[in-house]
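Structure file coords_0.pdb; described as PDB, C-alpha atoms, pLDDT in the B column.
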ATOM      1  CA  MET A   1      29.409 -12.466  72.125  1.00 65.00           C
ATOM      2  CA  SER A   2      31.075 -14.513  74.798  1.00 71.00           C
ATOM      3  CA  GLY A   3      29.902 -17.995  75.719  1.00 73.00           C
ATOM      4  CA  SER A   4      27.922 -16.933  78.786  1.00 80.00           C
ATOM      5  CA  GLU A   5      26.204 -14.088  76.904  1.00 82.00           C
ATOM      6  CA  VAL A   6      25.109 -16.522  74.200  1.00 80.00           C
ATOM      7  CA  VAL A   7      23.660 -18.889  76.786  1.00 82.00           C
ATOM      8  CA  VAL A   8      21.751 -16.086  78.530  1.00 85.00           C
ATOM      9  CA  ALA A   9      20.434 -14.775  75.201  1.00 84.00           C
ATOM     10  CA  ALA A  10      19.427 -18.291  74.157  1.00 84.00           C
ATOM     11  CA  ALA A  11      17.541 -18.838  77.415  1.00 86.00           C
ATOM     12  CA  ARG A  12      15.666 -15.549  77.044  1.00 91.00           C
ATOM     13  CA  VAL A  13      14.756 -16.231  73.406  1.00 89.00           C
ATOM     14  CA  TYR A  14      13.779 -19.831  74.245  1.00 89.00           C
ATOM     15  CA  ARG A  15      11.419 -18.659  76.981  1.00 91.00           C
ATOM     16  CA  ASP A  16       9.873 -15.957  74.778  1.00 92.00           C
ATOM     17  CA  LEU A  17       9.450 -18.320  71.836  1.00 90.00           C
ATOM     18  CA  LEU A  18       7.802 -21.019  73.949  1.00 91.00           C
ATOM     19  CA  LYS A  19       5.407 -18.451  75.441  1.00 91.00           C
ATOM     20  CA  ALA A  20       4.493 -17.179  71.973  1.00 91.00           C
ATOM     21  CA  VAL A  21       3.933 -20.691  70.601  1.00 90.00           C
ATOM     22  CA  VAL A  22       1.772 -21.707  73.566  1.00 88.00           C
ATOM     23  CA  LYS A  23      -0.214 -18.453  73.415  1.00 87.00           C
ATOM     24  CA  HIS A  24      -0.799 -18.284  69.672  1.00 83.00           C
ATOM     25  CA  VAL A  25      -0.645 -21.912  68.510  1.00 85.00           C
ATOM     26  CA  GLY A  26      -2.018 -23.601  71.609  1.00 82.00           C
ATOM     27  CA  LYS A  27      -0.986 -26.289  74.035  1.00 80.00           C
ATOM     28  CA  GLU A  28      -3.520 -28.989  73.204  1.00 82.00           C
ATOM     29  CA  ASP A  29      -2.232 -32.523  72.700  1.00 82.00           C
ATOM     30  CA  HIS A  30      -2.670 -32.470  68.917  1.00 83.00           C
ATOM     31  CA  LYS A  31      -0.552 -29.277  68.719  1.00 82.00           C
ATOM     32  CA  SER A  32       2.238 -30.384  71.019  1.00 85.00           C
ATOM     33  CA  HIS A  33       4.585 -31.096  68.106  1.00 86.00           C
ATOM     34  CA  PHE A  34       5.151 -27.322  67.770  1.00 87.00           C
ATOM     35  CA  THR A  35       6.457 -26.971  71.311  1.00 86.00           C
ATOM     36  CA  ASP A  36       8.332 -30.269  71.018  1.00 88.00           C
ATOM     37  CA  PHE A  37      10.147 -28.975  67.922  1.00 87.00           C
ATOM     38  CA  VAL A  38      11.177 -25.773  69.713  1.00 85.00           C
ATOM     39  CA  LYS A  39      12.393 -27.727  72.735  1.00 86.00           C
ATOM     40  CA  ASN A  40      14.394 -30.171  70.599  1.00 87.00           C
ATOM     41  CA  GLU A  41      16.033 -27.396  68.567  1.00 83.00           C
ATOM     42  CA  PHE A  42      17.197 -25.598  71.706  1.00 82.00           C
ATOM     43  CA  ARG A  43      18.414 -28.801  73.356  1.00 82.00           C
ATOM     44  CA  LYS A  44      20.707 -29.717  70.470  1.00 79.00           C
ATOM     45  CA  LYS A  45      24.410 -29.602  71.206  1.00 65.00           C
ATOM     46  CA  ASN A  46      25.211 -26.793  68.762  1.00 64.00           C
ATOM     47  CA  GLY A  47      21.846 -25.074  69.039  1.00 58.00           C
ATOM     48  CA  HIS A  48      23.163 -21.858  70.590  1.00 70.00           C
ATOM     49  CA  SER A  49      24.715 -20.163  67.574  1.00 79.00           C
ATOM     50  CA  VAL A  50      24.077 -16.458  67.206  1.00 83.00           C
ATOM     51  CA  GLU A  51      22.330 -17.038  63.867  1.00 85.00           C
ATOM     52  CA  LYS A  52      19.872 -19.521  65.376  1.00 84.00           C
ATOM     53  CA  ILE A  53      19.186 -17.216  68.316  1.00 86.00           C
ATOM     54  CA  ASN A  54      18.453 -14.334  65.942  1.00 89.00           C
ATOM     55  CA  LEU A  55      16.238 -16.574  63.813  1.00 88.00           C
ATOM     56  CA  ALA A  56      14.256 -17.682  66.875  1.00 88.00           C
ATOM     57  CA  ARG A  57      13.957 -14.076  68.089  1.00 92.00           C
ATOM     58  CA  ASN A  58      12.698 -12.977  64.662  1.00 94.00           C
ATOM     59  CA  TYR A  59      10.208 -15.846  64.517  1.00 92.00           C
ATOM     60  CA  THR A  60       8.883 -14.911  67.954  1.00 93.00           C
ATOM     61  CA  TYR A  61       8.468 -11.318  66.817  1.00 95.00           C
ATOM     62  CA  LEU A  62       6.734 -12.471  63.622  1.00 94.00           C
ATOM     63  CA  LEU A  63       4.349 -14.761  65.495  1.00 92.00           C
ATOM     64  CA  ASN A  64       3.361 -12.037  67.973  1.00 92.00           C
ATOM     65  CA  SER A  65       3.033  -9.435  65.209  1.00 94.00           C
ATOM     66  CA  ILE A  66       0.826 -11.605  63.012  1.00 91.00           C
ATOM     67  CA  HIS A  67      -1.619 -12.195  65.839  1.00 87.00           C
ATOM     68  CA  SER A  68      -1.618  -8.528  66.845  1.00 89.00           C
ATOM     69  CA  HIS A  69      -2.331  -7.605  63.238  1.00 86.00           C
ATOM     70  CA  LYS A  70      -5.142 -10.143  63.058  1.00 82.00           C
ATOM     71  CA  ASP A  71      -6.709  -8.716  66.216  1.00 79.00           C
ATOM     72  CA  LEU A  72      -6.492  -5.205  64.777  1.00 81.00           C
ATOM     73  CA  LEU A  73      -8.132  -6.326  61.546  1.00 78.00           C
ATOM     74  CA  PHE A  74     -11.009  -7.871  63.477  1.00 75.00           C
ATOM     75  CA  SER A  75     -11.428  -4.807  65.670  1.00 77.00           C
ATOM     76  CA  TYR A  76     -11.493  -2.368  62.711  1.00 79.00           C
ATOM     77  CA  ASN A  77     -13.557  -4.496  60.339  1.00 70.00           C
ATOM     78  CA  ILE A  78     -16.425  -2.218  59.366  1.00 59.00           C
ATOM     79  CA  ALA A  79     -18.068  -4.831  57.123  1.00 60.00           C
ATOM     80  CA  VAL A  80     -19.053  -6.905  60.148  1.00 61.00           C
ATOM     81  CA  ASP A  81     -22.183  -5.998  62.044  1.00 68.00           C
ATOM     82  CA  ARG A  82     -20.959  -5.400  65.586  1.00 70.00           C
ATOM     83  CA  THR A  83     -24.239  -4.367  67.200  1.00 76.00           C
ATOM     84  CA  GLU A  84     -24.623  -7.670  69.064  1.00 75.00           C
ATOM     85  CA  GLU A  85     -21.073  -7.463  70.368  1.00 74.00           C
ATOM     86  CA  MET A  86     -21.604  -3.875  71.495  1.00 80.00           C
ATOM     87  CA  LYS A  87     -24.866  -4.840  73.230  1.00 82.00           C
ATOM     88  CA  ARG A  88     -23.045  -7.593  75.071  1.00 82.00           C
ATOM     89  CA  VAL A  89     -20.217  -5.258  76.152  1.00 84.00           C
ATOM     90  CA  LEU A  90     -22.658  -2.549  77.243  1.00 87.00           C
ATOM     91  CA  GLY A  91     -24.754  -5.122  79.086  1.00 87.00           C
ATOM     92  CA  LYS A  92     -21.706  -6.328  81.001  1.00 87.00           C
ATOM     93  CA  SER A  93     -20.750  -2.758  81.860  1.00 89.00           C
ATOM     94  CA  ALA A  94     -24.239  -1.948  83.050  1.00 88.00           C
ATOM     95  CA  ALA A  95     -24.467  -5.173  85.055  1.00 89.00           C
ATOM     96  CA  SER A  96     -21.184  -4.402  86.808  1.00 90.00           C
ATOM     97  CA  VAL A  97     -22.814  -1.337  88.424  1.00 92.00           C
ATOM     98  CA  GLY A  98     -26.159  -3.041  89.048  1.00 90.00           C
ATOM     99  CA  LEU A  99     -28.125  -1.765  86.046  1.00 88.00           C
ATOM    100  CA  ARG A 100     -29.795  -3.366  83.029  1.00 84.00           C
ATOM    101  CA  LEU A 101     -30.041  -2.111  79.482  1.00 80.00           C
ATOM    102  CA  PRO A 102     -33.575  -1.270  78.369  1.00 82.00           C
ATOM    103  CA  GLU A 103     -35.261  -3.449  75.763  1.00 81.00           C
ATOM    104  CA  VAL A 104     -35.236  -1.793  72.329  1.00 77.00           C
ATOM    105  CA  TYR A 105     -38.606  -1.533  70.603  1.00 76.00           C
ATOM    106  CA  GLN A 106     -38.596  -3.354  67.241  1.00 74.00           C
ATOM    107  CA  PRO A 107     -41.671  -2.481  65.064  1.00 71.00           C
TER     108      PRO A 107
END
Spit out the file's structure as structure tokens when you get a sec.
Amino acid sequence: MSGSEVVVAAARVYRDLLKAVVKHVGKEDHKSHFTDFVKNEFRKKNGHSVEKINLARNYTYLLNSIHSHKDLLFSYNIAVDRTEEMKRVLGKSAASVGLRLPEVYQP
């Protein structure tokens, strides 16, 4: 890779990694050391090596994949009673067209 290609790749990976950290870790004050670490690593003088760019790209992919996997596990978890969640979703859908769900008789 030439020097300009490395800089462009580093900028793209830096942006993607910061977005992933903010989205999945958070941007509250007590979690700012995560974003500060990423910023400091990319601002270092020799921080644009191909190995570091690949490592940051892989970490971004890992972070996004872990959270996607966690969401899938929650959505497919059959051990959790999801009737209340389904009632809420159906209620929102019905309310969006001006209807209400009927009350269910409980003996």
- Selected residue, from A:Ser2, A:Ser96, A:Asn64, A:Asn54, that lies nearest to His24 in chain A when counting all atoms listed in the file: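 Smallest distance to His24 in chain A is found for A:Asn64.
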- Query: Given the choices A:Ile53, A:Val104, A:Leu63, A:Leu72, which gets closest to Arg12 in chain A if the distance is worked out from all atoms listed in the file?
  - Reply: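 Once distances to Arg12 in chain A are computed over all atoms listed in the file, the minimum belongs to A:Ile53.
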- For the atom pair CA of Asp71 in chain A and CA of Ala94 in chain A, what is the interatomic distance in Å to one decimal place?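 That distance, rounded to one decimal, is 25.2 Å.
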- Looking at all atoms listed in the file, which of A:His33, A:His67, A:Lys52, A:Arg43 is the one that sits closest to Ala20 in chain A?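 Of the candidates, the smallest distance to Ala20 in chain A is held by A:His67.
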- Could you check how far CA of Phe34 in chain A sits from CA of Glu5 in chain A, in Å to one decimal?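 Interatomic distance here is 26.5 Å.
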- Item | Near-Val7 in chain A list (10 Å; all atoms listed in the file; drop same-chain fewer than 6 positions) as a PyMOL selection string | chain A and resi 1+13+48-50+53
- Message: For the PyMOL selection byres ((chain A and resi 22) around 12), applied here, can you spell out every residue it catches as a count of residues only?
- Response: 24
- Task: Enter the distance from CA of Ile66 in chain A to CA of Tyr14 in chain A, in Å, rounded to one decimal.
- Result: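 Taking CA of Ile66 in chain A and CA of Tyr14 in chain A, their separation equals 19.0 Å.
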- Using only C-alpha atoms, which residue out of A:Arg82, A:Phe74, A:Ala95, A:Ala10 lies closest to Phe42 in chain A? A:Ala10
Can you rebuild range 15-27 of chain A with N, CA, C and O atoms and give it as an mmCIF file, keeping the file's coordinate frame?
data_model
loop_
_atom_site.group_PDB
_atom_site.id
_atom_site.type_symbol
_atom_site.label_atom_id
_atom_site.label_comp_id
_atom_site.auth_asym_id
_atom_site.auth_seq_id
_atom_site.Cartn_x
_atom_site.Cartn_y
_atom_site.Cartn_z
ATOM 1 N N ARG A 15 12.589 -18.913 76.143
ATOM 2 C CA ARG A 15 11.419 -18.659 76.981
ATOM 3 C C ARG A 15 10.375 -17.847 76.219
ATOM 4 O O ARG A 15 9.188 -18.179 76.230
ATOM 5 N N ASP A 16 10.802 -16.796 75.535
ATOM 6 C CA ASP A 16 9.873 -15.957 74.778
ATOM 7 C C ASP A 16 9.212 -16.730 73.641
ATOM 8 O O ASP A 16 8.011 -16.585 73.387
ATOM 9 N N LEU A 17 9.998 -17.541 72.948
ATOM 10 C CA LEU A 17 9.450 -18.320 71.836
ATOM 11 C C LEU A 17 8.447 -19.358 72.327
ATOM 12 O O LEU A 17 7.373 -19.519 71.732
ATOM 13 N N LEU A 18 8.753 -20.039 73.412
ATOM 14 C CA LEU A 18 7.802 -21.019 73.949
ATOM 15 C C LEU A 18 6.511 -20.342 74.397
ATOM 16 O O LEU A 18 5.413 -20.864 74.153
ATOM 17 N N LYS A 19 6.617 -19.172 75.029
ATOM 18 C CA LYS A 19 5.407 -18.451 75.441
ATOM 19 C C LYS A 19 4.574 -18.050 74.238
ATOM 20 O O LYS A 19 3.346 -18.171 74.254
ATOM 21 N N ALA A 20 5.218 -17.585 73.176
ATOM 22 C CA ALA A 20 4.493 -17.179 71.973
ATOM 23 C C ALA A 20 3.825 -18.378 71.301
ATOM 24 O O ALA A 20 2.667 -18.284 70.863
ATOM 25 N N VAL A 21 4.515 -19.502 71.229
ATOM 26 C CA VAL A 21 3.933 -20.691 70.601
ATOM 27 C C VAL A 21 2.751 -21.193 71.415
ATOM 28 O O VAL A 21 1.693 -21.507 70.862
ATOM 29 N N VAL A 22 2.877 -21.242 72.727
ATOM 30 C CA VAL A 22 1.772 -21.707 73.566
ATOM 31 C C VAL A 22 0.588 -20.748 73.474
ATOM 32 O O VAL A 22 -0.565 -21.170 73.380
ATOM 33 N N LYS A 23 0.865 -19.440 73.452
ATOM 34 C CA LYS A 23 -0.214 -18.453 73.415
ATOM 35 C C LYS A 23 -0.934 -18.440 72.077
ATOM 36 O O LYS A 23 -2.160 -18.393 72.028
ATOM 37 N N HIS A 24 -0.197 -18.487 70.981
ATOM 38 C CA HIS A 24 -0.799 -18.284 69.672
ATOM 39 C C HIS A 24 -1.127 -19.586 68.933
ATOM 40 O O HIS A 24 -2.040 -19.605 68.126
ATOM 41 N N VAL A 25 -0.371 -20.642 69.175
ATOM 42 C CA VAL A 25 -0.645 -21.912 68.510
ATOM 43 C C VAL A 25 -1.525 -22.778 69.396
ATOM 44 O O VAL A 25 -2.470 -23.382 68.936
ATOM 45 N N GLY A 26 -1.230 -22.816 70.668
ATOM 46 C CA GLY A 26 -2.018 -23.601 71.609
ATOM 47 C C GLY A 26 -1.179 -24.670 72.266
ATOM 48 O O GLY A 26 -0.070 -24.983 71.829
ATOM 49 N N LYS A 27 -1.723 -25.241 73.325
ATOM 50 C CA LYS A 27 -0.986 -26.289 74.035
ATOM 51 C C LYS A 27 -1.783 -27.585 74.123
ATOM 52 O O LYS A 27 -1.512 -28.428 74.961
#
